[in-house]
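Below: the structure, in structure tokens.
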Number of protein chains: 2
Amino acid sequence: MTSTLQTELRQTRPFPRRTTEAMLSILRTAAVLDHQLDAALRPHGLTSTQYNVLRILRGAGTEGLCGREVADRMLARVPDVPRLLERLERMGLIARERDPADRRHVTGRITRKGLDLLEEVTPDVDAVEQARLGHLSGPALAGLIRGLAAIRQGR
Amino acid sequence: MTSTLQTELRQTRPFPRRTTEAMLSILRTAAVLDHQLDAALRPHGLTSTQYNVLRILRGAGTEGLCGREVADRMLARVPDVPRLLERLERMGLIARERDPADRRHVTGRITRKGLDLLEEVTPDVDAVEQARLGHLSGPALAGLIRGLAAIRQGR
DNA sequence: TGACATTAGGTGTTATAACAGGTATCATAT
DNA sequence: ATATGATACCTGTTATAACACCTAATGTCA
């Protein structure tokens with residue numbers, strides 16, 4: 001029996017274990033999704049990392065978040081948050097301000113321009129999501145979500 | 001109901017759609033796995049991309065593969081395959097040779113040293129796989145593999 | 001108060017990813 | 001035989017990621 005992934009990666013041998021196939025399936029699927037998202041965001045001048053930050057800061061509202069809090073909410077661990085935020089500030093999408101209460105913190109807030117850009121980008125991102133995941137049944141989605149959570153949790 | 005992912009990313013709001021939660025779950029889980037793999041490979045001086053290339057070339061045996069064929073088999077699309085292979089050659093893990101039949105092709109082959117390194121690394125990689133996926137049931141793994149394939153396929 | 005640890009950012013450097021061309025080789029067709 | 005196009009690789013450049021180290025601000029405790 002030849003698996004789909006095996007064909008995609010032009011492997012001649014079947015995977016040694018189901019766990020191996022599942023792990024590679026996750027990594028491969030994420031790469032495909034990330035590539036699709038980047039392609040959807042590129043015309044708007046955003047990378048998927050930057051898009052992620054903007055969504056996080058939109059969720060935080062007017063209170064904003066400091067760099068470490070942003071890092072905690074990112075999908076992937078990103079070192080060098082300062083320069084990431086600095087780039088977004090140069091683009092005018094966020095504002096940064098030194099917290100007067102604790103001067104170690106730099107609070108980031110999304111700007112009007114950042115909110116507008118998110119609005120503009122949303123349909124394209126949703127289109128990717130729907131094209132890839134829209135045809136899955138409710139139980140299939142629930143199963144995926146549950147299984148992936150168990151993997152992140154680990155034994 | 002608060003989802004696991006929502007807690008992990010410190011989100012205050014539930015996800016708007018199940019498709020959104022599933023997509024972010026995939027991206028998040030892949031990031032966690034990739035991070036674990038990188039941590040396991042680092043002591044051996046390999047990145048996960050390089051590890052992937054070595055496995056591909058091991059699978060190809062003594063015939064080897066040209067750069068484009070390697071690229072086709074990678075989990076993530078990687079431009080700049082020439083320099084990636086060049087680095088592996090400098091490390092002595094692969095050998096490159098201009099194909100005499102078609103001088104456009106550069107055939108890459110894994111070396112003895114590369115094979116030895118793969119052997120050395122395997123237990124650590126398998127440990128990550130088992131720690132994260134070892135406790136899932138057979139049907140759960142099968143469901144994941146099937147669902148993820150459907151997502152890569154798209155509608 | 002003063003020493004010390006902790007936390008959050010910043011900075012400097014290097015390596016790699018990403019992108020845009022450019023060149024050599026081969027296949028195809030006139 | 002020559003022109004054309006396609007393929008595979010290489011090269012130069014830029015931006016970003018990754019890493020290590022450093023500084024400022026705060027909290028803690030003798």
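Residues in the structure tokens are numbered from 1 in each chain, the chains being A, B, ... in the order shown, and ligands are numbered from 1 in the order shown.
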
Give me, as a compact mmCIF listing (two decimals) with C-alpha atoms, in the first residue's frame, all polymer residues having an atom no more than 12 Å from A:Ile110, counting only C-alpha atoms (C1' of nucleotides) and skipping those fewer than 3 positions away in the same chain.
# COMPACT_ATOMS: atom_id res chain seq x y z
CA GLN A 50 4.35 39.74 10.52
CA TYR A 51 0.72 38.83 9.90
CA VAL A 53 2.11 39.64 15.10
CA LEU A 54 -0.53 42.00 13.76
CA ARG A 55 -3.32 39.56 14.65
CA ILE A 56 -1.89 39.16 18.14
CA LEU A 57 -1.76 42.92 18.68
CA ARG A 58 -5.25 43.37 17.29
CA GLY A 59 -6.43 40.82 19.82
CA ALA A 60 -4.75 42.79 22.58
CA GLY A 61 -6.67 45.95 21.74
CA THR A 62 -5.68 49.39 22.95
CA GLU A 63 -3.78 48.04 25.94
CA GLY A 64 -1.16 46.50 23.70
CA LEU A 65 1.45 43.94 24.66
CA CYS A 66 5.13 43.98 25.44
CA LEU A 85 8.62 44.92 15.95
CA LEU A 88 6.58 46.73 11.71
CA GLU A 89 6.90 50.15 13.31
CA MET A 91 6.04 50.21 8.13
CA GLY A 92 3.64 52.22 10.28
CA LEU A 93 1.62 49.15 11.21
CA ILE A 94 2.31 49.26 14.93
CA ALA A 95 3.44 51.85 17.49
CA ARG A 96 5.88 51.20 20.31
CA GLU A 97 6.06 53.01 23.59
CA THR A 107 4.42 48.15 24.75
CA LYS A 113 -3.06 51.48 9.28
CA GLY A 114 -2.28 48.06 10.73
CA LEU A 115 -5.95 47.36 11.37
CA ASP A 116 -6.84 48.45 7.84
CA LEU A 117 -4.19 46.18 6.38
CA LEU A 118 -5.52 43.24 8.38

_Filtered DSSP result for stretch 89-154 of chain A, state strand (DSSP E or B), as a PyMOL selection string_ = chain A and resi 94-98+106-110

Contact set, chain D to chain A: 12 Å, only C-alpha atoms (C1' of nucleotides), as an mmCIF file with N, CA and C atoms (P, O5', C5', C4', C3', O3' and C1' of nucleotides), in the first residue's frame:
data_model
loop_
_atom_site.group_PDB
_atom_site.id
_atom_site.type_symbol
_atom_site.label_atom_id
_atom_site.label_comp_id
_atom_site.auth_asym_id
_atom_site.auth_seq_id
_atom_site.Cartn_x
_atom_site.Cartn_y
_atom_site.Cartn_z
ATOM 1 P P DA D 15 17.580 45.087 1.904
ATOM 2 O "O5'" DA D 15 16.838 43.906 2.670
ATOM 3 C "C5'" DA D 15 15.790 43.186 2.020
ATOM 4 C "C4'" DA D 15 15.421 41.976 2.842
ATOM 5 C "C3'" DA D 15 15.115 42.293 4.303
ATOM 6 O "O3'" DA D 15 13.979 41.540 4.686
ATOM 7 C "C1'" DA D 15 16.853 40.684 4.179
ATOM 8 P P DT D 16 13.163 41.965 5.964
ATOM 9 O "O5'" DT D 16 13.370 40.677 6.862
ATOM 10 C "C5'" DT D 16 13.050 39.407 6.279
ATOM 11 C "C4'" DT D 16 13.862 38.328 6.952
ATOM 12 C "C3'" DT D 16 13.648 38.237 8.464
ATOM 13 O "O3'" DT D 16 12.991 37.012 8.689
ATOM 14 C "C1'" DT D 16 15.937 37.960 7.848
ATOM 15 P P DA D 17 12.435 36.694 10.120
ATOM 16 O "O5'" DA D 17 13.399 35.503 10.563
ATOM 17 C "C5'" DA D 17 13.681 34.471 9.639
ATOM 18 C "C4'" DA D 17 14.814 33.627 10.158
ATOM 19 C "C3'" DA D 17 14.706 33.233 11.621
ATOM 20 O "O3'" DA D 17 15.032 31.863 11.720
ATOM 21 C "C1'" DA D 17 16.773 34.333 11.248
ATOM 22 P P DA D 18 14.962 31.145 13.107
ATOM 23 O "O5'" DA D 18 16.450 31.233 13.653
ATOM 24 C "C5'" DA D 18 17.494 30.695 12.858
ATOM 25 C "C4'" DA D 18 18.804 30.835 13.589
ATOM 26 C "C3'" DA D 18 18.743 30.557 15.089
ATOM 27 O "O3'" DA D 18 19.799 29.670 15.404
ATOM 28 C "C1'" DA D 18 19.778 32.646 14.697
ATOM 29 P P DC D 19 19.852 28.995 16.843
ATOM 30 O "O5'" DC D 19 21.001 29.812 17.560
ATOM 31 C "C5'" DC D 19 22.287 29.855 16.948
ATOM 32 C "C4'" DC D 19 23.131 30.909 17.588
ATOM 33 C "C3'" DC D 19 23.103 30.920 19.111
ATOM 34 O "O3'" DC D 19 24.361 30.472 19.592
ATOM 35 C "C1'" DC D 19 23.077 33.112 18.191
ATOM 36 P P DT D 23 27.923 46.362 28.500
ATOM 37 O "O5'" DT D 23 26.489 46.988 28.694
ATOM 38 C "C5'" DT D 23 25.857 47.664 27.617
ATOM 39 C "C4'" DT D 23 24.446 48.035 28.018
ATOM 40 C "C3'" DT D 23 24.337 48.672 29.402
ATOM 41 O "O3'" DT D 23 23.656 49.911 29.276
ATOM 42 C "C1'" DT D 23 22.766 46.913 29.149
ATOM 43 P P DA D 24 23.510 50.876 30.564
ATOM 44 O "O5'" DA D 24 21.958 50.739 30.891
ATOM 45 C "C5'" DA D 24 21.019 50.957 29.850
ATOM 46 C "C4'" DA D 24 19.632 50.619 30.359
ATOM 47 C "C3'" DA D 24 19.308 51.240 31.718
ATOM 48 O "O3'" DA D 24 18.007 51.792 31.653
ATOM 49 C "C1'" DA D 24 19.021 48.882 31.806
ATOM 50 P P DA D 25 17.408 52.593 32.888
ATOM 51 O "O5'" DA D 25 16.458 51.512 33.573
ATOM 52 C "C5'" DA D 25 15.357 51.014 32.829
ATOM 53 C "C4'" DA D 25 14.677 49.942 33.640
ATOM 54 C "C3'" DA D 25 14.276 50.369 35.052
ATOM 55 O "O3'" DA D 25 12.895 50.143 35.199
ATOM 56 C "C1'" DA D 25 15.443 48.306 35.088
ATOM 57 P P DT D 26 12.137 50.644 36.505
ATOM 58 O "O5'" DT D 26 12.056 49.289 37.329
ATOM 59 C "C5'" DT D 26 11.292 48.216 36.795
ATOM 60 C "C4'" DT D 26 11.572 46.950 37.568
ATOM 61 C "C3'" DT D 26 11.179 46.995 39.043
ATOM 62 O "O3'" DT D 26 10.018 46.211 39.208
ATOM 63 C "C1'" DT D 26 13.236 45.838 38.653
ATOM 64 P P DG D 27 9.334 46.117 40.633
ATOM 65 O "O5'" DG D 27 10.040 44.831 41.253
ATOM 66 C "C5'" DG D 27 9.916 43.588 40.582
ATOM 67 C "C4'" DG D 27 10.701 42.508 41.326
ATOM 68 C "C3'" DG D 27 10.361 42.390 42.812
ATOM 69 O "O3'" DG D 27 10.231 41.007 43.129
ATOM 70 C "C1'" DG D 27 12.692 42.711 42.534
#

*Any chance you could list, as a ChimeraX atom specification, the residues in chain B that come up alpha helix (DSSP H) when DSSP is run on the backbone?*
/B:4-8,18-41,48-60,67-73,81-90,112-133,138-153

Could the residues in this selection be written to a file with C-alpha atoms, as a tab-separated table (two decimals), in the first residue's frame?
chain	number	residue	atom	x	y	z
B	4	THR	CA	-6.03	23.61	24.29
B	5	LEU	CA	-4.48	25.72	21.54
B	6	GLN	CA	-6.33	28.78	22.76
B	7	THR	CA	-4.69	28.35	26.16
B	8	GLU	CA	-1.26	27.70	24.67
B	18	ARG	CA	-13.17	25.10	13.41
B	19	THR	CA	-11.19	25.35	10.18
B	20	THR	CA	-9.20	28.23	11.67
B	21	GLU	CA	-8.42	26.28	14.80
B	22	ALA	CA	-7.40	23.25	12.76
B	23	MET	CA	-5.12	25.29	10.50
B	24	LEU	CA	-3.40	27.02	13.41
B	25	SER	CA	-3.13	23.67	15.20
B	26	ILE	CA	-1.19	22.26	12.28
B	27	LEU	CA	1.14	25.26	12.06
B	28	ARG	CA	1.68	25.27	15.80
B	29	THR	CA	2.28	21.54	16.07
B	30	ALA	CA	4.76	21.62	13.19
B	31	ALA	CA	6.63	24.47	14.89
B	32	VAL	CA	6.84	22.48	18.11
B	33	LEU	CA	8.04	19.35	16.33
B	34	ASP	CA	10.54	21.27	14.24
B	35	HIS	CA	11.91	22.92	17.34
B	36	GLN	CA	12.27	19.56	19.09
B	37	LEU	CA	13.99	18.06	16.08
B	38	ASP	CA	16.38	20.97	15.78
B	39	ALA	CA	17.24	20.62	19.46
B	40	ALA	CA	17.90	16.90	19.01
B	41	LEU	CA	20.06	17.49	15.92
B	48	SER	CA	16.62	19.69	10.21
B	49	THR	CA	16.96	20.73	6.57
B	50	GLN	CA	20.38	19.12	6.33
B	51	TYR	CA	19.12	16.01	8.09
B	52	ASN	CA	16.31	15.81	5.56
B	53	VAL	CA	18.77	15.99	2.66
B	54	LEU	CA	20.96	13.27	4.13
B	55	ARG	CA	17.97	10.96	4.57
B	56	ILE	CA	16.92	11.60	0.98
B	57	LEU	CA	20.38	10.83	-0.35
B	58	ARG	CA	20.65	7.72	1.81
B	59	GLY	CA	17.37	6.56	0.27
B	60	ALA	CA	18.81	7.11	-3.19
B	67	GLY	CA	19.82	18.87	-7.08
B	68	ARG	CA	16.40	19.18	-8.60
B	69	GLU	CA	15.46	15.66	-7.55
B	70	VAL	CA	16.55	16.43	-4.00
B	71	ALA	CA	14.42	19.59	-4.03
B	72	ASP	CA	11.37	17.59	-5.16
B	73	ARG	CA	11.73	15.26	-2.19
B	81	VAL	CA	19.76	23.92	-3.23
B	82	PRO	CA	23.24	24.36	-4.77
B	83	ARG	CA	24.61	26.15	-1.72
B	84	LEU	CA	22.83	23.79	0.65
B	85	LEU	CA	24.57	20.85	-1.00
B	86	GLU	CA	27.82	22.78	-1.12
B	87	ARG	CA	27.73	23.19	2.65
B	88	LEU	CA	27.07	19.49	3.15
B	89	GLU	CA	29.98	18.71	0.85
B	90	ARG	CA	32.29	20.98	2.83
B	112	ARG	CA	30.47	6.99	4.57
B	113	LYS	CA	30.78	9.85	7.05
B	114	GLY	CA	27.27	11.00	6.20
B	115	LEU	CA	25.88	7.50	6.72
B	116	ASP	CA	27.68	7.22	10.05
B	117	LEU	CA	26.30	10.56	11.19
B	118	LEU	CA	22.77	9.46	10.26
B	119	GLU	CA	23.25	6.28	12.32
B	120	GLU	CA	24.49	8.34	15.24
B	121	VAL	CA	21.58	10.76	15.04
B	122	THR	CA	18.75	8.28	14.55
B	123	PRO	CA	18.14	7.36	18.21
B	124	ASP	CA	17.74	11.02	19.16
B	125	VAL	CA	15.31	11.69	16.33
B	126	ASP	CA	13.33	8.57	17.10
B	127	ALA	CA	13.14	9.65	20.73
B	128	VAL	CA	11.41	12.87	19.71
B	129	GLU	CA	9.01	10.95	17.50
B	130	GLN	CA	8.15	8.50	20.25
B	131	ALA	CA	7.83	11.14	22.97
B	132	ARG	CA	5.38	13.13	20.88
B	133	LEU	CA	3.53	10.50	18.89
B	138	GLY	CA	-3.47	3.33	15.77
B	139	PRO	CA	-6.81	4.75	14.66
B	140	ALA	CA	-5.81	8.21	15.88
B	141	LEU	CA	-2.63	8.11	13.79
B	142	ALA	CA	-4.54	6.81	10.77
B	143	GLY	CA	-7.09	9.60	11.14
B	144	LEU	CA	-4.38	12.25	11.32
B	145	ILE	CA	-2.57	10.90	8.28
B	146	ARG	CA	-5.81	10.77	6.29
B	147	GLY	CA	-6.98	14.24	7.35
B	148	LEU	CA	-3.65	15.90	6.64
B	149	ALA	CA	-3.46	14.29	3.21
B	150	ALA	CA	-6.92	15.69	2.42
B	151	ILE	CA	-5.72	19.16	3.43
B	152	ARG	CA	-2.63	19.00	1.23
B	153	GLN	CA	-4.81	17.81	-1.61

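What separates atom C1' of D:DA3 from atom C1' of C:DC26 is a distance of 13.9 Å.
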
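One finds atom CA of A:Leu46 at 24.2 Å from atom C1' of C:DG10.
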
Please, which residues in chain C fall within 8 Å of chain B when counting only C-alpha atoms (C1' of nucleotides), and what is the closest atom pair and distance in Å to one decimal for each, ordered by chain then residue number, as CSV?
residue,atom,partner,partner_atom,distance
C:DA17,C1',B:Pro79,CA,7.8
C:DA18,C1',B:Pro79,CA,7.3
C:DA24,C1',B:Arg104,CA,7.2
C:DT25,C1',B:Arg104,CA,5.3
C:DC26,C1',B:Asp102,CA,7.4

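With atom C1' of D:DT14 on one side and atom C1' of C:DT14 on the other, the separation reads 14.9 Å.
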